[in-house]
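Inspection log for the structure reproduced underneath, given as structure tokens.
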Amino acid sequence: MSTPAAATIAPVQFPLHPGLILIDLDGTLVDSVPDLTHCVDAMLTQLGRASRGEAAVRNWVGNGVERLVKRALTDRMDGEPTAAELAEALPLFCDIYADNTARRSVPYPGVREGLTWLRERGYRLGCVTNKAARFTEPLLAALDLREHFELVISGDSLPEHKPHPLPLLHAADFFGCAPAAALMVGDSVSDVKAARAAGFAVVCVSYGYNHGEDIGLAGPDAVIDALTELQVLLN
């Protein structure tokens with residue numbers, strides 16, 4: 001599927017009635033930081049390093065497992081460990097996380113109610129995340145969220161992931177929905193960038209993982225405090 005050089009952004013008029021709603025996972029549907037913190041600190045302990053704690057991990061998440069491990073190893077947002085350090089740490093983290101994908105993670109308040117409301121009104125739903133499929137599917141299943149989605153696109157499902165528009169365009173093609181009639185719901189600047197590049201409308205939650213920055217500064221069409229607030233924006 002070709003990627004448009006520059007999608008045209010039309011003003012969004014609420015209420016919307018999108019033909020497709022794609023929803024991000026970590027930071028939007030699920031608070032996965034407690035599990036990720038456990039895994040980061042367990043990995044560091046096994047490597048003989050100091051643990052980082054939840055406050056640091058909460059600020060680091062949102063750009064995939066490899067970037068999280070790099071930040072944990074260096075204690076810096078833009079840190080780059082040596083290739084040998086990463087080669088030792090990344091498989092260790094993944095093994096620990098495979099056993100701790102959903103032990104401490106929980107859906108955010110309003111998520112179950114919001115998804116139920118959307119399904120009852122006939123909205124077609126997909127989940128698009130940068131988390132690898134080996135972690136995405138077990139997490140959704142363990143928290144009883146998988147049944148809400150006709151399509152799940154993980155970070156390794158396609159050659160590109162968010163903020164590239166390919167996952168969103170692939171989903172639009174799967175559902176037979178024009179991008180201009182689709183909505184992305186996320187929590188980060190990557191979600192906004194992907195939506196804009198794909199020509200989707202985009203709504204962001206205020207509580208997610210955006211490295212401590214106000215998501216409103218990224219310019220989504222709306223910001224909500226809970227998924228249930230979509231009831232005000234949609235018809």
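Ordering of the structure tokens sets the chain letters (A, B, ...), residue numbers begin anew at 1 in every chain, and ligands are numbered from 1 in the order given.
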List every residue of segment 39-99 of chain A that has an atom at most 12 Å from any atom of segment 132-152 of chain A, and for each one report the closest atom pair and its distance in Å to one decimal, counting only C-alpha atoms, with rows sorted by chain and then by increasing residue number, as a Markdown table.
```
| residue | atom | partner | partner_atom | distance |
| --- | --- | --- | --- | --- |
| A:Asn63 | CA | A:Ala132 | CA | 11.3 |
| A:Gly64 | CA | A:Ala132 | CA | 8.1 |
| A:Val65 | CA | A:Ala132 | CA | 8.2 |
| A:Glu66 | CA | A:Ala132 | CA | 10.5 |
| A:Cys94 | CA | A:Phe135 | CA | 9.1 |
| A:Asp95 | CA | A:Phe135 | CA | 10.7 |
| A:Ile96 | CA | A:Phe135 | CA | 11.3 |
| A:Tyr97 | CA | A:Phe135 | CA | 7.9 |
| A:Ala98 | CA | A:Phe135 | CA | 6.7 |
| A:Asp99 | CA | A:Phe135 | CA | 9.6 |
```
Checklist line | Polymer residues at most 9 Å from Ser51 of chain A, only C-alpha atoms, same-chain spacing of 5 or more positions, as a list of chain:residue names | finding: A:Val40, A:Asp41, A:Ala42, A:Met43, A:Leu44, A:Thr45, A:Ala72
Check: Any idea what's packed within 12 Å of Pro81 of chain A, counting only C-alpha atoms, ignoring anything in its chain fewer than 4 positions away? Could you give it as a VMD selection string?
Finding: chain A and resid 66 to 77 85 to 90
Residues of segment 24-100 of chain A within 10 Å of segment 204-208 of chain A: nearest atom pair and distance (Å, one decimal) for each, counting only C-alpha atoms, sorted by chain and number, as a Markdown table?
```
| residue | atom | partner | partner_atom | distance |
| --- | --- | --- | --- | --- |
| A:Asp24 | CA | A:Cys204 | CA | 9.7 |
| A:Asp26 | CA | A:Gly208 | CA | 7.8 |
| A:Gly27 | CA | A:Gly208 | CA | 4.1 |
| A:Thr28 | CA | A:Gly208 | CA | 5.8 |
| A:Leu29 | CA | A:Gly208 | CA | 9.0 |
| A:Val30 | CA | A:Gly208 | CA | 9.1 |
| A:Asp31 | CA | A:Gly208 | CA | 8.1 |
| A:Arg58 | CA | A:Gly208 | CA | 9.4 |
| A:Val61 | CA | A:Gly208 | CA | 9.9 |
| A:Gly62 | CA | A:Gly208 | CA | 9.2 |
```
Next item on the list: Select, from A:Ile224, A:Val232, A:Val128, A:Cys39, the residue with the minimum atom-to-atom distance to Asn100 of chain A, counting only C-alpha atoms.
Entry: A:Cys39
Name the residues in contact with Ala194 of chain A at a cut-off of 6 Å, using only C-alpha atoms, excluding same-chain residues fewer than 4 positions from it; report them as an mmCIF file with N, CA and C atoms, in the first residue's frame.
```cif
data_model
loop_
_atom_site.group_PDB
_atom_site.id
_atom_site.type_symbol
_atom_site.label_atom_id
_atom_site.label_comp_id
_atom_site.auth_asym_id
_atom_site.auth_seq_id
_atom_site.Cartn_x
_atom_site.Cartn_y
_atom_site.Cartn_z
ATOM 1 N N LYS A 162 3.628 2.856 13.976
ATOM 2 C CA LYS A 162 3.391 4.267 14.289
ATOM 3 C C LYS A 162 4.688 4.924 14.773
ATOM 4 N N PRO A 163 4.998 6.147 14.352
ATOM 5 C CA PRO A 163 4.113 7.138 13.730
ATOM 6 C C PRO A 163 3.958 7.038 12.217
ATOM 7 N N HIS A 164 4.513 6.017 11.594
ATOM 8 C CA HIS A 164 4.256 5.804 10.166
ATOM 9 C C HIS A 164 2.767 5.516 9.968
ATOM 10 N N PRO A 165 2.164 6.004 8.893
ATOM 11 C CA PRO A 165 0.728 5.799 8.694
ATOM 12 C C PRO A 165 0.332 4.410 8.220
#
```
Next item on the list: Considering only C-alpha atoms, state which residue in the set A:Thr129, A:Val203, A:Cys177, A:Leu36 is at the smallest distance from Leu158 of chain A.
Entry: A:Thr129
Checklist line | Distance criterion (only C-alpha atoms): nearest to Gln231 of chain A out of A:Gly53, A:Gly48, A:Gly110, A:Pro34 | finding: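 The shortest atom-to-atom distance to Gln231 of chain A comes from A:Gly110.
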Notebook entry, point to check: segment 61-187 of chain A: which residues are strand (DSSP E or B) by DSSP, as a ChimeraX atom specification?
Noted result: /A:106-107,125-128,151-153,182-186
Would you mind exporting C-alpha atoms of the selected residues as a short mmCIF file (atom, residue, chain, number, x, y, z; two decimals), in the first residue's frame?
```cif
data_model
loop_
_atom_site.label_atom_id
_atom_site.label_comp_id
_atom_site.auth_asym_id
_atom_site.auth_seq_id
_atom_site.Cartn_x
_atom_site.Cartn_y
_atom_site.Cartn_z
CA VAL A 106 -5.13 -2.97 34.34
CA PRO A 107 -7.58 -1.24 31.99
CA LEU A 125 -13.15 -1.39 16.17
CA GLY A 126 -9.49 -2.17 15.67
CA CYS A 127 -6.52 -2.01 18.02
CA VAL A 128 -3.25 -0.59 16.68
CA LEU A 151 -8.53 -6.48 13.93
CA VAL A 152 -5.38 -6.15 16.02
CA ILE A 153 -2.23 -4.71 14.43
CA ALA A 182 -11.95 6.92 10.21
CA LEU A 183 -10.91 7.88 13.74
CA MET A 184 -7.74 7.13 15.70
CA VAL A 185 -7.87 7.20 19.51
CA GLY A 186 -4.51 7.31 21.28
#
```
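Restricting the calculation to only C-alpha atoms, the smallest distance between Glu213 of chain A and any of A:Ser157, A:Asn235, A:Thr82, A:Asn59 is found for A:Asn59.
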Next item on the list: Return the single residue from A:Ile23, A:Ala172, A:Ala50, A:Ala197 that is closest to Leu230 of chain A, with distances computed using only C-alpha atoms.
Entry: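 Of A:Ile23, A:Ala172, A:Ala50, A:Ala197, the one nearest Leu230 of chain A is A:Ile23, counting only C-alpha atoms.
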Margin query: My list of candidates is A:Leu227, A:Leu169, A:Ala84, A:Leu233. Which is closest to Trp117 of chain A when distances are computed with only C-alpha atoms?
Written below: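 The shortest atom-to-atom distance to Trp117 of chain A comes from A:Leu227.
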From a DSSP calculation on the backbone, collect every residue of segment 31-196 of chain A in helix (DSSP H, G or I) and output the set as a JSON list (two decimals) with C-alpha atoms, in the first residue's frame.
```
[["chain", "number", "residue", "atom", "x", "y", "z"],
["A", 33, "VAL", "CA", 3.60, 0.45, 33.48],
["A", 34, "PRO", "CA", 3.39, -1.68, 36.66],
["A", 35, "ASP", "CA", 4.32, -4.81, 34.68],
["A", 36, "LEU", "CA", 6.92, -2.99, 32.62],
["A", 37, "THR", "CA", 8.50, -1.58, 35.77],
["A", 38, "HIS", "CA", 8.70, -5.01, 37.34],
["A", 39, "CYS", "CA", 10.39, -6.36, 34.22],
["A", 40, "VAL", "CA", 12.82, -3.46, 33.84],
["A", 41, "ASP", "CA", 13.94, -3.72, 37.46],
["A", 42, "ALA", "CA", 14.16, -7.52, 37.36],
["A", 43, "MET", "CA", 16.28, -7.29, 34.22],
["A", 44, "LEU", "CA", 18.59, -4.71, 35.78],
["A", 45, "THR", "CA", 18.92, -6.76, 38.96],
["A", 46, "GLN", "CA", 19.99, -9.81, 36.96],
["A", 54, "GLU", "CA", 8.01, 3.21, 38.31],
["A", 55, "ALA", "CA", 8.36, 7.00, 37.97],
["A", 56, "ALA", "CA", 11.24, 6.62, 35.52],
["A", 57, "VAL", "CA", 9.61, 3.80, 33.55],
["A", 58, "ARG", "CA", 6.33, 5.72, 33.30],
["A", 59, "ASN", "CA", 8.23, 8.52, 31.57],
["A", 60, "TRP", "CA", 10.14, 6.16, 29.28],
["A", 65, "VAL", "CA", 10.48, -2.47, 24.05],
["A", 66, "GLU", "CA", 13.93, -1.93, 22.53],
["A", 67, "ARG", "CA", 13.86, 1.79, 23.23],
["A", 68, "LEU", "CA", 12.60, 1.13, 26.78],
["A", 69, "VAL", "CA", 15.49, -1.24, 27.42],
["A", 70, "LYS", "CA", 17.97, 1.30, 26.04],
["A", 71, "ARG", "CA", 16.59, 3.96, 28.36],
["A", 72, "ALA", "CA", 16.71, 1.60, 31.33],
["A", 73, "LEU", "CA", 20.32, 0.65, 30.62],
["A", 74, "THR", "CA", 21.48, 4.24, 30.26],
["A", 83, "ALA", "CA", 25.62, -3.20, 21.15],
["A", 84, "ALA", "CA", 26.89, -5.86, 23.55],
["A", 85, "GLU", "CA", 24.90, -4.42, 26.46],
["A", 86, "LEU", "CA", 21.71, -4.32, 24.41],
["A", 87, "ALA", "CA", 22.27, -7.83, 23.04],
["A", 88, "GLU", "CA", 22.49, -9.15, 26.60],
["A", 89, "ALA", "CA", 19.66, -7.11, 28.09],
["A", 90, "LEU", "CA", 16.92, -7.19, 25.44],
["A", 91, "PRO", "CA", 16.34, -10.98, 25.33],
["A", 92, "LEU", "CA", 16.43, -11.04, 29.13],
["A", 93, "PHE", "CA", 13.76, -8.35, 29.34],
["A", 94, "CYS", "CA", 11.57, -10.08, 26.76],
["A", 95, "ASP", "CA", 11.76, -13.39, 28.61],
["A", 96, "ILE", "CA", 10.74, -11.73, 31.88],
["A", 97, "TYR", "CA", 7.97, -9.74, 30.21],
["A", 98, "ALA", "CA", 6.57, -12.84, 28.52],
["A", 111, "VAL", "CA", -12.33, 1.56, 29.14],
["A", 112, "ARG", "CA", -14.63, -1.43, 29.49],
["A", 113, "GLU", "CA", -17.71, 0.80, 29.57],
["A", 114, "GLY", "CA", -16.48, 2.82, 26.60],
["A", 115, "LEU", "CA", -15.74, -0.22, 24.45],
["A", 116, "THR", "CA", -19.09, -1.78, 25.30],
["A", 117, "TRP", "CA", -20.89, 1.44, 24.33],
["A", 118, "LEU", "CA", -19.04, 1.59, 21.01],
["A", 119, "ARG", "CA", -19.81, -2.01, 20.14],
["A", 120, "GLU", "CA", -23.46, -1.71, 21.12],
["A", 133, "ALA", "CA", 2.34, -9.34, 18.89],
["A", 134, "ARG", "CA", 3.83, -11.87, 21.34],
["A", 135, "PHE", "CA", 2.89, -9.45, 24.12],
["A", 136, "THR", "CA", -0.15, -7.72, 22.58],
["A", 137, "GLU", "CA", -2.40, -10.72, 22.13],
["A", 138, "PRO", "CA", -1.84, -12.24, 25.60],
["A", 139, "LEU", "CA", -2.39, -8.86, 27.24],
["A", 140, "LEU", "CA", -5.67, -8.23, 25.45],
["A", 141, "ALA", "CA", -6.84, -11.77, 26.16],
["A", 142, "ALA", "CA", -5.87, -11.72, 29.83],
["A", 146, "ARG", "CA", -9.67, -8.94, 22.74],
["A", 147, "GLU", "CA", -13.31, -9.67, 21.90],
["A", 148, "HIS", "CA", -14.02, -5.99, 21.25],
["A", 166, "LEU", "CA", 0.96, 2.26, 7.26],
["A", 167, "PRO", "CA", -0.79, 0.47, 10.17],
["A", 168, "LEU", "CA", -3.72, 2.90, 9.99],
["A", 169, "LEU", "CA", -3.96, 2.70, 6.21],
["A", 170, "HIS", "CA", -3.76, -1.08, 6.35],
["A", 171, "ALA", "CA", -6.64, -1.12, 8.84],
["A", 172, "ALA", "CA", -8.71, 1.23, 6.70],
["A", 173, "ASP", "CA", -8.17, -1.06, 3.73],
["A", 174, "PHE", "CA", -9.09, -4.12, 5.82],
["A", 175, "PHE", "CA", -12.36, -2.53, 6.92],
["A", 179, "PRO", "CA", -9.29, 7.25, 5.86],
["A", 180, "ALA", "CA", -11.26, 10.50, 5.93],
["A", 181, "ALA", "CA", -14.13, 8.57, 7.54],
["A", 189, "VAL", "CA", 2.37, 12.25, 19.69],
["A", 190, "SER", "CA", 3.06, 9.09, 17.66],
["A", 191, "ASP", "CA", -0.68, 8.46, 17.46],
["A", 192, "VAL", "CA", -1.31, 12.03, 16.33],
["A", 193, "LYS", "CA", 1.44, 11.91, 13.70],
["A", 194, "ALA", "CA", 0.23, 8.57, 12.34],
["A", 195, "ALA", "CA", -3.37, 9.80, 12.17],
["A", 196, "ARG", "CA", -2.45, 13.05, 10.42]]
```
